[in-house]
$ cat run.pdb   # PDB, C-alpha atoms
ATOM      1  CA  MET A   1     -32.926   1.712   5.680
ATOM      2  CA  SER A   2     -35.212  -1.234   4.936
ATOM      3  CA  ALA A   3     -34.036  -4.783   5.514
ATOM      4  CA  GLU A   4     -35.764  -5.814   2.309
ATOM      5  CA  GLN A   5     -34.149  -3.961  -0.533
ATOM      6  CA  PRO A   6     -34.648  -5.247  -4.070
ATOM      7  CA  ASN A   7     -30.926  -5.508  -4.306
ATOM      8  CA  GLY A   8     -30.026  -8.513  -6.363
ATOM      9  CA  GLY A   9     -28.622 -10.595  -3.557
ATOM     10  CA  HIS A  10     -26.700  -7.857  -1.750
ATOM     11  CA  PRO A  11     -27.937  -7.761   1.816
ATOM     12  CA  ILE A  12     -27.500  -4.073   2.567
ATOM     13  CA  ASN A  13     -27.645  -4.739   6.286
ATOM     14  CA  GLY A  14     -24.619  -6.984   5.914
ATOM     15  CA  GLY A  15     -23.075  -4.176   3.860
ATOM     16  CA  HIS A  16     -20.931  -4.209   0.785
ATOM     17  CA  PRO A  17     -17.399  -5.414   1.589
ATOM     18  CA  THR A  18     -15.879  -2.073   0.567
ATOM     19  CA  ASN A  19     -17.959  -0.151   3.139
ATOM     20  CA  GLY A  20     -15.931  -1.308   6.102
ATOM     21  CA  ILE A  21     -12.570  -0.605   4.498
ATOM     22  CA  ASP A  22     -10.339   2.027   6.104
ATOM     23  CA  ASP A  23      -8.627   4.209   3.501
ATOM     24  CA  LEU A  24      -5.652   4.590   5.802
ATOM     25  CA  VAL A  25      -4.839   0.883   5.415
ATOM     26  CA  HIS A  26      -6.345   0.335   1.961
ATOM     27  CA  GLN A  27      -4.077   2.787   0.136
ATOM     28  CA  ARG A  28      -1.935   0.451  -1.945
ATOM     29  CA  HIS A  29       1.513   1.535  -0.764
ATOM     30  CA  ARG A  30       0.489   1.513   2.887
ATOM     31  CA  LEU A  31      -1.073  -1.916   2.344
ATOM     32  CA  GLY A  32       2.252  -3.002   0.875
ATOM     33  CA  ILE A  33       4.197  -1.662   3.875
ATOM     34  CA  LEU A  34       1.881  -3.394   6.345
ATOM     35  CA  THR A  35       1.915  -6.772   4.582
ATOM     36  CA  ILE A  36       5.705  -6.786   4.317
ATOM     37  CA  THR A  37       6.325  -5.686   7.907
ATOM     38  CA  ALA A  38       3.744  -8.185   9.173
ATOM     39  CA  GLU A  39       5.778 -10.902   7.514
ATOM     40  CA  ALA A  40       9.320  -9.629   8.135
ATOM     41  CA  GLN A  41       8.929  -8.392  11.750
ATOM     42  CA  LEU A  42      11.526  -5.704  11.063
ATOM     43  CA  ALA A  43      11.933  -4.314   7.550
ATOM     44  CA  ASP A  44      14.729  -2.107   6.265
ATOM     45  CA  PHE A  45      13.735   1.218   4.746
ATOM     46  CA  GLY A  46      15.816   0.377   1.671
ATOM     47  CA  TYR A  47      14.191  -3.003   1.274
ATOM     48  CA  LEU A  48      10.693  -1.524   1.503
ATOM     49  CA  GLN A  49      11.631   1.125  -1.004
ATOM     50  CA  GLU A  50      12.838  -1.431  -3.511
ATOM     51  CA  ALA A  51      10.116  -4.023  -2.924
ATOM     52  CA  LEU A  52       7.361  -1.426  -3.294
ATOM     53  CA  GLU A  53       9.091   0.576  -6.047
ATOM     54  CA  LEU A  54       8.806   3.838  -4.121
ATOM     55  CA  THR A  55      10.970   6.925  -3.916
ATOM     56  CA  ALA A  56      12.453   7.619  -0.480
ATOM     57  CA  GLY A  57      10.236  10.673  -0.124
ATOM     58  CA  ASN A  58       7.082   8.800  -1.007
ATOM     59  CA  LEU A  59       7.909   5.919   1.347
ATOM     60  CA  SER A  60       8.683   8.393   4.165
ATOM     61  CA  ARG A  61       5.386  10.126   3.666
ATOM     62  CA  HIS A  62       3.421   6.867   3.925
ATOM     63  CA  LEU A  63       5.448   5.734   6.951
ATOM     64  CA  THR A  64       4.606   9.002   8.697
ATOM     65  CA  VAL A  65       0.897   8.437   8.082
ATOM     66  CA  LEU A  66       1.135   4.888   9.434
ATOM     67  CA  GLU A  67       3.276   5.910  12.412
ATOM     68  CA  GLU A  68       0.938   8.750  13.387
ATOM     69  CA  ALA A  69      -1.938   6.265  13.321
ATOM     70  CA  GLY A  70       0.044   3.932  15.583
ATOM     71  CA  LEU A  71       0.255   1.155  12.995
ATOM     72  CA  VAL A  72       4.061   1.026  12.620
ATOM     73  CA  GLN A  73       7.123   2.154  14.544
ATOM     74  CA  VAL A  74      10.016   3.670  12.650
ATOM     75  CA  GLU A  75      13.375   2.947  14.297
ATOM     76  CA  LYS A  76      16.382   5.045  13.355
ATOM     77  CA  GLY A  77      19.775   3.742  14.282
ATOM     78  CA  TYR A  78      23.275   3.054  13.018
ATOM     79  CA  GLU A  79      24.998   0.000  11.652
ATOM     80  CA  GLY A  80      28.655   0.888  12.014
ATOM     81  CA  ARG A  81      28.799   4.459  10.719
ATOM     82  CA  ARG A  82      25.888   4.023   8.369
ATOM     83  CA  ALA A  83      22.429   5.338   9.237
ATOM     84  CA  ARG A  84      19.835   2.630   9.099
ATOM     85  CA  THR A  85      16.081   3.023   9.328
ATOM     86  CA  ARG A  86      13.923   0.057  10.094
ATOM     87  CA  VAL A  87      10.184  -0.368  10.327
ATOM     88  CA  ARG A  88       8.246  -2.543  12.711
ATOM     89  CA  ILE A  89       4.507  -3.229  12.609
ATOM     90  CA  THR A  90       2.638  -2.654  15.888
ATOM     91  CA  ARG A  91      -0.039  -4.841  17.426
ATOM     92  CA  GLN A  92      -2.555  -2.207  16.319
ATOM     93  CA  GLY A  93      -1.078  -2.396  12.811
ATOM     94  CA  ARG A  94      -1.587  -6.159  12.726
ATOM     95  CA  THR A  95      -5.193  -5.725  13.820
ATOM     96  CA  ALA A  96      -5.809  -3.086  11.142
ATOM     97  CA  LEU A  97      -4.200  -5.281   8.480
ATOM     98  CA  ALA A  98      -6.256  -8.278   9.573
ATOM     99  CA  GLY A  99      -9.439  -6.209   9.139
ATOM    100  CA  GLU A 100      -8.385  -5.089   5.673
ATOM    101  CA  LEU A 101      -7.455  -8.613   4.568
ATOM    102  CA  ALA A 102     -10.797  -9.916   5.874
ATOM    103  CA  ALA A 103     -12.661  -7.291   3.822
ATOM    104  CA  LEU A 104     -10.599  -8.094   0.707
ATOM    105  CA  THR A 105     -11.125 -11.827   1.201
ATOM    106  CA  GLU A 106     -14.889 -11.257   1.361
ATOM    107  CA  LEU A 107     -14.765  -9.055  -1.735
ATOM    108  CA  VAL A 108     -12.810 -11.635  -3.710
ATOM    109  CA  ARG A 109     -15.085 -14.413  -2.446
ATOM    110  CA  ARG A 110     -18.221 -12.540  -3.552
ATOM    111  CA  HIS A 111     -16.933 -11.031  -6.780
ATOM    112  CA  GLY A 112     -13.833 -12.906  -7.825
ATOM    113  CA  ALA A 113     -15.662 -15.111 -10.304
ATOM    114  CA  LEU A 114     -17.777 -12.376 -11.877
ATOM    115  CA  SER A 115     -15.461 -10.225 -13.874
TER     116      SER A 115
ATOM    117  CA  MET B   1      17.770  -4.153  -9.564
ATOM    118  CA  SER B   2      19.384  -7.478  -8.742
ATOM    119  CA  ALA B   3      17.510 -10.714  -9.186
ATOM    120  CA  GLU B   4      18.968 -11.970  -5.930
ATOM    121  CA  GLN B   5      17.771  -9.700  -3.178
ATOM    122  CA  PRO B   6      17.987 -10.897   0.411
ATOM    123  CA  ASN B   7      14.317 -10.337   0.594
ATOM    124  CA  GLY B   8      12.763 -12.948   2.805
ATOM    125  CA  GLY B   9      10.914 -14.826   0.120
ATOM    126  CA  HIS B  10       9.602 -11.841  -1.804
ATOM    127  CA  PRO B  11      10.780 -12.207  -5.354
ATOM    128  CA  ILE B  12      11.177  -8.556  -6.299
ATOM    129  CA  ASN B  13      11.196  -9.421  -9.973
ATOM    130  CA  GLY B  14       7.731 -10.913  -9.534
ATOM    131  CA  GLY B  15       6.888  -7.770  -7.585
ATOM    132  CA  HIS B  16       4.802  -7.173  -4.518
ATOM    133  CA  PRO B  17       1.090  -7.625  -5.295
ATOM    134  CA  THR B  18       0.339  -3.985  -4.443
ATOM    135  CA  ASN B  19       2.776  -2.682  -7.076
ATOM    136  CA  GLY B  20       0.528  -3.508  -9.993
ATOM    137  CA  ILE B  21      -2.591  -2.020  -8.442
ATOM    138  CA  ASP B  22      -4.225   0.934 -10.189
ATOM    139  CA  ASP B  23      -5.411   3.573  -7.703
ATOM    140  CA  LEU B  24      -8.221   4.478 -10.051
ATOM    141  CA  VAL B  25      -9.829   1.064  -9.501
ATOM    142  CA  HIS B  26      -8.473   0.357  -6.007
ATOM    143  CA  GLN B  27     -10.137   3.344  -4.300
ATOM    144  CA  ARG B  28     -12.737   1.613  -2.136
ATOM    145  CA  HIS B  29     -15.873   3.381  -3.382
ATOM    146  CA  ARG B  30     -14.873   2.961  -7.026
ATOM    147  CA  LEU B  31     -14.095  -0.705  -6.319
ATOM    148  CA  GLY B  32     -17.568  -0.950  -4.800
ATOM    149  CA  ILE B  33     -19.187   0.633  -7.876
ATOM    150  CA  LEU B  34     -17.326  -1.692 -10.252
ATOM    151  CA  THR B  35     -18.084  -4.889  -8.332
ATOM    152  CA  ILE B  36     -21.784  -4.059  -8.077
ATOM    153  CA  THR B  37     -22.159  -3.025 -11.711
ATOM    154  CA  ALA B  38     -20.189  -6.087 -12.835
ATOM    155  CA  GLU B  39     -22.789  -8.208 -11.078
ATOM    156  CA  ALA B  40     -25.960  -6.219 -11.751
ATOM    157  CA  GLN B  41     -25.318  -5.266 -15.425
ATOM    158  CA  LEU B  42     -27.264  -2.049 -14.882
ATOM    159  CA  ALA B  43     -27.347  -0.437 -11.441
ATOM    160  CA  ASP B  44     -29.586   2.381 -10.261
ATOM    161  CA  PHE B  45     -27.880   5.484  -8.920
ATOM    162  CA  GLY B  46     -30.063   5.275  -5.812
ATOM    163  CA  TYR B  47     -29.225   1.653  -5.250
ATOM    164  CA  LEU B  48     -25.476   2.296  -5.533
ATOM    165  CA  GLN B  49     -25.803   5.215  -3.150
ATOM    166  CA  GLU B  50     -27.527   3.087  -0.529
ATOM    167  CA  ALA B  51     -25.433  -0.052  -0.975
ATOM    168  CA  LEU B  52     -22.179   1.892  -0.719
ATOM    169  CA  GLU B  53     -23.421   4.364   1.917
ATOM    170  CA  LEU B  54     -22.443   7.381  -0.165
ATOM    171  CA  THR B  55     -23.883  10.854  -0.518
ATOM    172  CA  ALA B  56     -25.200  11.701  -3.994
ATOM    173  CA  GLY B  57     -22.360  14.174  -4.472
ATOM    174  CA  ASN B  58     -19.688  11.697  -3.506
ATOM    175  CA  LEU B  59     -21.147   8.961  -5.729
ATOM    176  CA  SER B  60     -21.390  11.410  -8.658
ATOM    177  CA  ARG B  61     -17.788  12.397  -8.216
ATOM    178  CA  HIS B  62     -16.579   8.783  -8.318
ATOM    179  CA  LEU B  63     -18.825   7.976 -11.302
ATOM    180  CA  THR B  64     -17.308  10.893 -13.194
ATOM    181  CA  VAL B  65     -13.795   9.562 -12.543
ATOM    182  CA  LEU B  66     -14.806   6.083 -13.723
ATOM    183  CA  GLU B  67     -16.703   7.406 -16.746
ATOM    184  CA  GLU B  68     -13.809   9.619 -17.845
ATOM    185  CA  ALA B  69     -11.544   6.568 -17.650
ATOM    186  CA  GLY B  70     -13.994   4.619 -19.809
ATOM    187  CA  LEU B  71     -14.797   2.077 -17.090
ATOM    188  CA  VAL B  72     -18.526   2.801 -16.735
ATOM    189  CA  GLN B  73     -21.286   4.472 -18.728
ATOM    190  CA  VAL B  74     -23.768   6.683 -16.917
ATOM    191  CA  GLU B  75     -27.207   6.631 -18.530
ATOM    192  CA  LYS B  76     -29.686   9.379 -17.692
ATOM    193  CA  GLY B  77     -33.294   8.781 -18.540
ATOM    194  CA  TYR B  78     -36.852   8.972 -17.282
ATOM    195  CA  GLU B  79     -39.204   6.462 -15.784
ATOM    196  CA  GLY B  80     -42.568   8.123 -16.181
ATOM    197  CA  ARG B  81     -41.892  11.693 -15.075
ATOM    198  CA  ARG B  82     -39.119  10.732 -12.709
ATOM    199  CA  ALA B  83     -35.474  11.189 -13.613
ATOM    200  CA  ARG B  84     -33.540   7.986 -13.357
ATOM    201  CA  THR B  85     -29.793   7.543 -13.579
ATOM    202  CA  ARG B  86     -28.348   4.151 -14.194
ATOM    203  CA  VAL B  87     -24.792   2.907 -14.413
ATOM    204  CA  ARG B  88     -23.388   0.244 -16.685
ATOM    205  CA  ILE B  89     -19.901  -1.240 -16.529
ATOM    206  CA  THR B  90     -17.978  -1.234 -19.820
ATOM    207  CA  ARG B  91     -15.840  -4.021 -21.238
ATOM    208  CA  GLN B  92     -12.808  -1.970 -20.244
ATOM    209  CA  GLY B  93     -14.249  -1.668 -16.740
ATOM    210  CA  ARG B  94     -14.581  -5.436 -16.482
ATOM    211  CA  THR B  95     -10.978  -5.861 -17.569
ATOM    212  CA  ALA B  96      -9.782  -3.303 -15.015
ATOM    213  CA  LEU B  97     -11.817  -4.953 -12.258
ATOM    214  CA  ALA B  98     -10.457  -8.383 -13.198
ATOM    215  CA  GLY B  99      -6.897  -7.048 -12.854
ATOM    216  CA  GLU B 100      -7.657  -5.543  -9.452
ATOM    217  CA  LEU B 101      -9.310  -8.723  -8.174
ATOM    218  CA  ALA B 102      -6.359 -10.786  -9.411
ATOM    219  CA  ALA B 103      -3.949  -8.544  -7.458
ATOM    220  CA  LEU B 104      -6.117  -8.720  -4.332
ATOM    221  CA  THR B 105      -6.416 -12.495  -4.643
ATOM    222  CA  GLU B 106      -2.632 -12.758  -4.815
ATOM    223  CA  LEU B 107      -2.252 -10.441  -1.819
ATOM    224  CA  VAL B 108      -4.703 -12.440   0.270
ATOM    225  CA  ARG B 109      -3.094 -15.685  -0.853
ATOM    226  CA  ARG B 110       0.361 -14.494   0.198
ATOM    227  CA  HIS B 111      -0.539 -12.592   3.330
ATOM    228  CA  GLY B 112      -3.991 -13.688   4.429
ATOM    229  CA  ALA B 113      -2.666 -16.082   7.051
ATOM    230  CA  LEU B 114       0.023 -13.795   8.489
ATOM    231  CA  SER B 115      -1.740 -11.077  10.382
TER     232      SER B 115
END

$ encode --input "run.pdb" --output "structure tokens"
Amino acid sequence: MSAEQPNGGHPINGGHPTNGIDDLVHQRHRLGILTITAEAQLADFGYLQEALELTAGNLSRHLTVLEEAGLVQVEKGYEGRRARTRVRITRQGRTALAGELAALTELVRRHGALS
Amino acid sequence: MSAEQPNGGHPINGGHPTNGIDDLVHQRHRLGILTITAEAQLADFGYLQEALELTAGNLSRHLTVLEEAGLVQVEKGYEGRRARTRVRITRQGRTALAGELAALTELVRRHGALS
């Protein structure tokens, strides 16, 4: 790949901001889960479901993807006799979210004024 | 849904920024195609392929999705004897991209400093 592409100001070597994005974190519901848990430290399943307007099944599915990638921990416990599931972001999850937010910031910086 | 959720500063009525995102535009390669065509007016297939690091098949597949949604027009022509495919963003594509960038801007504004 040449360093001198006739590319209208897009340095290909620097790469388009979307190239470095990880689909695992970029998917909008998973991005929602990560941003909320990064802020809340420990988020209730029910709160996430309501805040992100997801069915329980859909939320569970995305939590499984994130947990298998090591980005969140899902903690099942009881409050009195009531089952309670809470979600915590991991250090690796914070790092992944930081990378995603950096890519989105660059995208908005480059393209936010164009559309 | 109550207007007074104990939600740690997330007004659910305003909604989490990821809730309004359209997967059609949010998918990272399609977001790449839209941002580049919004800037370039008319983008070569080969340029898009290189800038976004996509195979021809993968780029074609995403262009078909965007074209069927009315967000881009794919123009096939010749330059001399050589086939040349170019991509143009539509007015509807610009509107969709503007909505996506607004959601991402809000997400970065709310969460950019947290991770």

$ residues_around --input "run.pdb" --residues "Gln27 of chain B" --least-positions-apart "4" --cutoff "12 Å" --atoms "all atoms listed in the file" --output "number ranges by chain"
A: 18-19, 21-28; B: 21-23, 31-34, 62, 65-66, 97, 100

$ atom_distance --input "run.pdb" --atom1 "atom CA of Thr90 of chain A" --atom2 "atom CA of Thr105 of chain A"
22.1 Å

$ interface_residues --input "run.pdb" --of "chain A" --to "chain B" --cutoff "8 Å" --atoms "all atoms listed in the file" --output "JSON, numbers by chain"
{"A": [7, 8, 10, 12, 15, 16, 17, 18, 19, 21, 23, 26, 27, 28, 29, 31, 32, 35, 38, 39, 40, 47, 50, 51, 52, 53, 94, 95, 97, 98, 101, 102, 104, 105, 108, 111, 112, 114, 115]}

$ write_last_selection --input "run.pdb" --atoms "C-alpha atoms" --output "PDB file, in the frame of the given file"
ATOM      1  CA  ASN A   7     -30.926  -5.508  -4.306  1.00  0.00           C
ATOM      2  CA  GLY A   8     -30.026  -8.513  -6.363  1.00  0.00           C
ATOM      3  CA  HIS A  10     -26.700  -7.857  -1.750  1.00  0.00           C
ATOM      4  CA  ILE A  12     -27.500  -4.073   2.567  1.00  0.00           C
ATOM      5  CA  GLY A  15     -23.075  -4.176   3.860  1.00  0.00           C
ATOM      6  CA  HIS A  16     -20.931  -4.209   0.785  1.00  0.00           C
ATOM      7  CA  PRO A  17     -17.399  -5.414   1.589  1.00  0.00           C
ATOM      8  CA  THR A  18     -15.879  -2.073   0.567  1.00  0.00           C
ATOM      9  CA  ASN A  19     -17.959  -0.151   3.139  1.00  0.00           C
ATOM     10  CA  ILE A  21     -12.570  -0.605   4.498  1.00  0.00           C
ATOM     11  CA  ASP A  23      -8.627   4.209   3.501  1.00  0.00           C
ATOM     12  CA  HIS A  26      -6.345   0.335   1.961  1.00  0.00           C
ATOM     13  CA  GLN A  27      -4.077   2.787   0.136  1.00  0.00           C
ATOM     14  CA  ARG A  28      -1.935   0.451  -1.945  1.00  0.00           C
ATOM     15  CA  HIS A  29       1.513   1.535  -0.764  1.00  0.00           C
ATOM     16  CA  LEU A  31      -1.073  -1.916   2.344  1.00  0.00           C
ATOM     17  CA  GLY A  32       2.252  -3.002   0.875  1.00  0.00           C
ATOM     18  CA  THR A  35       1.915  -6.772   4.582  1.00  0.00           C
ATOM     19  CA  ALA A  38       3.744  -8.185   9.173  1.00  0.00           C
ATOM     20  CA  GLU A  39       5.778 -10.902   7.514  1.00  0.00           C
ATOM     21  CA  ALA A  40       9.320  -9.629   8.135  1.00  0.00           C
ATOM     22  CA  TYR A  47      14.191  -3.003   1.274  1.00  0.00           C
ATOM     23  CA  GLU A  50      12.838  -1.431  -3.511  1.00  0.00           C
ATOM     24  CA  ALA A  51      10.116  -4.023  -2.924  1.00  0.00           C
ATOM     25  CA  LEU A  52       7.361  -1.426  -3.294  1.00  0.00           C
ATOM     26  CA  GLU A  53       9.091   0.576  -6.047  1.00  0.00           C
ATOM     27  CA  ARG A  94      -1.587  -6.159  12.726  1.00  0.00           C
ATOM     28  CA  THR A  95      -5.193  -5.725  13.820  1.00  0.00           C
ATOM     29  CA  LEU A  97      -4.200  -5.281   8.480  1.00  0.00           C
ATOM     30  CA  ALA A  98      -6.256  -8.278   9.573  1.00  0.00           C
ATOM     31  CA  LEU A 101      -7.455  -8.613   4.568  1.00  0.00           C
ATOM     32  CA  ALA A 102     -10.797  -9.916   5.874  1.00  0.00           C
ATOM     33  CA  LEU A 104     -10.599  -8.094   0.707  1.00  0.00           C
ATOM     34  CA  THR A 105     -11.125 -11.827   1.201  1.00  0.00           C
ATOM     35  CA  VAL A 108     -12.810 -11.635  -3.710  1.00  0.00           C
ATOM     36  CA  HIS A 111     -16.933 -11.031  -6.780  1.00  0.00           C
ATOM     37  CA  GLY A 112     -13.833 -12.906  -7.825  1.00  0.00           C
ATOM     38  CA  LEU A 114     -17.777 -12.376 -11.877  1.00  0.00           C
ATOM     39  CA  SER A 115     -15.461 -10.225 -13.874  1.00  0.00           C
TER      40      SER A 115
END

$ atom_distance --input "run.pdb" --atom1 "atom CA of Glu67 of chain B" --atom2 "atom CA of Gln49 of chain B"
16.5 Å

$ axis_aligned_box --input "run.pdb" --around "segment 79-84 of chain B" --padding-each-side "4 Å" --output "lines of an AutoDock Vina configuration file"
center_x = -38.1
center_y = 9.1
center_z = -14.4
size_x = 17.0
size_y = 13.2
size_z = 11.5

$ residues_around --input "run.pdb" --residues "Thr85 of chain A" --least-positions-apart "6" --cutoff "8 Å" --atoms "all atoms listed in the file" --output "NGL selection string"
:A and (44-45 or 74-77)

$ atom_distance --input "run.pdb" --atom1 "atom CA of Arg61 of chain A" --atom2 "atom CA of Tyr78 of chain A"
21.4 Å

$ build_atoms --input "run.pdb" --residues "segment 31-61 of chain B" --atoms "N, CA and C atoms" --output "mmCIF file, keeping the file's coordinate frame"
data_model
loop_
_atom_site.group_PDB
_atom_site.id
_atom_site.type_symbol
_atom_site.label_atom_id
_atom_site.label_comp_id
_atom_site.auth_asym_id
_atom_site.auth_seq_id
_atom_site.Cartn_x
_atom_site.Cartn_y
_atom_site.Cartn_z
ATOM 1 N N LEU B 31 -14.100 0.762 -6.314
ATOM 2 C CA LEU B 31 -14.095 -0.705 -6.319
ATOM 3 C C LEU B 31 -15.493 -1.235 -6.017
ATOM 4 N N GLY B 32 -16.182 -0.575 -5.110
ATOM 5 C CA GLY B 32 -17.568 -0.950 -4.800
ATOM 6 C C GLY B 32 -18.474 -0.777 -6.013
ATOM 7 N N ILE B 33 -18.360 0.359 -6.686
ATOM 8 C CA ILE B 33 -19.187 0.633 -7.876
ATOM 9 C C ILE B 33 -18.924 -0.429 -8.952
ATOM 10 N N LEU B 34 -17.659 -0.734 -9.183
ATOM 11 C CA LEU B 34 -17.326 -1.692 -10.252
ATOM 12 C C LEU B 34 -17.807 -3.102 -9.913
ATOM 13 N N THR B 35 -17.640 -3.525 -8.666
ATOM 14 C CA THR B 35 -18.084 -4.889 -8.332
ATOM 15 C C THR B 35 -19.600 -5.008 -8.442
ATOM 16 N N ILE B 36 -20.312 -3.987 -8.006
ATOM 17 C CA ILE B 36 -21.784 -4.059 -8.077
ATOM 18 C C ILE B 36 -22.263 -4.005 -9.522
ATOM 19 N N THR B 37 -21.698 -3.107 -10.325
ATOM 20 C CA THR B 37 -22.159 -3.025 -11.711
ATOM 21 C C THR B 37 -21.722 -4.240 -12.523
ATOM 22 N N ALA B 38 -20.608 -4.854 -12.139
ATOM 23 C CA ALA B 38 -20.189 -6.087 -12.835
ATOM 24 C C ALA B 38 -21.214 -7.189 -12.608
ATOM 25 N N GLU B 39 -21.822 -7.175 -11.434
ATOM 26 C CA GLU B 39 -22.789 -8.208 -11.078
ATOM 27 C C GLU B 39 -24.182 -7.877 -11.610
ATOM 28 N N ALA B 40 -24.570 -6.601 -11.496
ATOM 29 C CA ALA B 40 -25.960 -6.219 -11.751
ATOM 30 C C ALA B 40 -26.225 -5.835 -13.211
ATOM 31 N N GLN B 41 -25.202 -5.748 -14.040
ATOM 32 C CA GLN B 41 -25.318 -5.266 -15.425
ATOM 33 C C GLN B 41 -25.672 -3.789 -15.474
ATOM 34 N N LEU B 42 -26.804 -3.430 -14.842
ATOM 35 C CA LEU B 42 -27.264 -2.049 -14.882
ATOM 36 C C LEU B 42 -27.703 -1.703 -13.470
ATOM 37 N N ALA B 43 -27.038 -0.745 -12.843
ATOM 38 C CA ALA B 43 -27.347 -0.437 -11.441
ATOM 39 C C ALA B 43 -27.915 0.966 -11.319
ATOM 40 N N ASP B 44 -28.994 1.084 -10.564
ATOM 41 C CA ASP B 44 -29.586 2.381 -10.261
ATOM 42 C C ASP B 44 -28.653 3.238 -9.419
ATOM 43 N N PHE B 45 -28.647 4.533 -9.723
ATOM 44 C CA PHE B 45 -27.880 5.484 -8.920
ATOM 45 C C PHE B 45 -28.280 5.377 -7.447
ATOM 46 N N GLY B 46 -29.570 5.326 -7.194
ATOM 47 C CA GLY B 46 -30.063 5.275 -5.812
ATOM 48 C C GLY B 46 -29.649 3.993 -5.106
ATOM 49 N N TYR B 47 -29.655 2.911 -5.855
ATOM 50 C CA TYR B 47 -29.225 1.653 -5.250
ATOM 51 C C TYR B 47 -27.741 1.707 -4.890
ATOM 52 N N LEU B 48 -26.923 2.190 -5.813
ATOM 53 C CA LEU B 48 -25.476 2.296 -5.533
ATOM 54 C C LEU B 48 -25.226 3.172 -4.309
ATOM 55 N N GLN B 49 -25.985 4.281 -4.255
ATOM 56 C CA GLN B 49 -25.803 5.215 -3.150
ATOM 57 C C GLN B 49 -26.079 4.547 -1.812
ATOM 58 N N GLU B 50 -27.153 3.740 -1.784
ATOM 59 C CA GLU B 50 -27.527 3.087 -0.529
ATOM 60 C C GLU B 50 -26.580 1.933 -0.202
ATOM 61 N N ALA B 51 -26.284 1.130 -1.211
ATOM 62 C CA ALA B 51 -25.433 -0.052 -0.975
ATOM 63 C C ALA B 51 -24.042 0.358 -0.510
ATOM 64 N N LEU B 52 -23.549 1.473 -1.042
ATOM 65 C CA LEU B 52 -22.179 1.892 -0.719
ATOM 66 C C LEU B 52 -22.144 2.991 0.338
ATOM 67 N N GLU B 53 -23.333 3.362 0.839
ATOM 68 C CA GLU B 53 -23.421 4.364 1.917
ATOM 69 C C GLU B 53 -22.717 5.665 1.539
ATOM 70 N N LEU B 54 -23.066 6.153 0.343
ATOM 71 C CA LEU B 54 -22.443 7.381 -0.165
ATOM 72 C C LEU B 54 -23.471 8.493 -0.297
ATOM 73 N N THR B 55 -23.021 9.723 -0.164
ATOM 74 C CA THR B 55 -23.883 10.854 -0.518
ATOM 75 C C THR B 55 -23.990 10.901 -2.039
ATOM 76 N N ALA B 56 -25.027 11.579 -2.541
ATOM 77 C CA ALA B 56 -25.200 11.701 -3.994
ATOM 78 C C ALA B 56 -23.995 12.397 -4.618
ATOM 79 N N GLY B 57 -23.500 13.412 -3.938
ATOM 80 C CA GLY B 57 -22.360 14.174 -4.472
ATOM 81 C C GLY B 57 -21.105 13.321 -4.569
ATOM 82 N N ASN B 58 -20.869 12.553 -3.537
ATOM 83 C CA ASN B 58 -19.688 11.697 -3.506
ATOM 84 C C ASN B 58 -19.776 10.602 -4.573
ATOM 85 N N LEU B 59 -20.964 9.988 -4.696
ATOM 86 C CA LEU B 59 -21.147 8.961 -5.729
ATOM 87 C C LEU B 59 -20.952 9.569 -7.115
ATOM 88 N N SER B 60 -21.535 10.750 -7.351
ATOM 89 C CA SER B 60 -21.390 11.410 -8.658
ATOM 90 C C SER B 60 -19.931 11.656 -8.998
ATOM 91 N N ARG B 61 -19.202 12.088 -8.002
ATOM 92 C CA ARG B 61 -17.788 12.397 -8.216
ATOM 93 C C ARG B 61 -17.017 11.141 -8.645
#
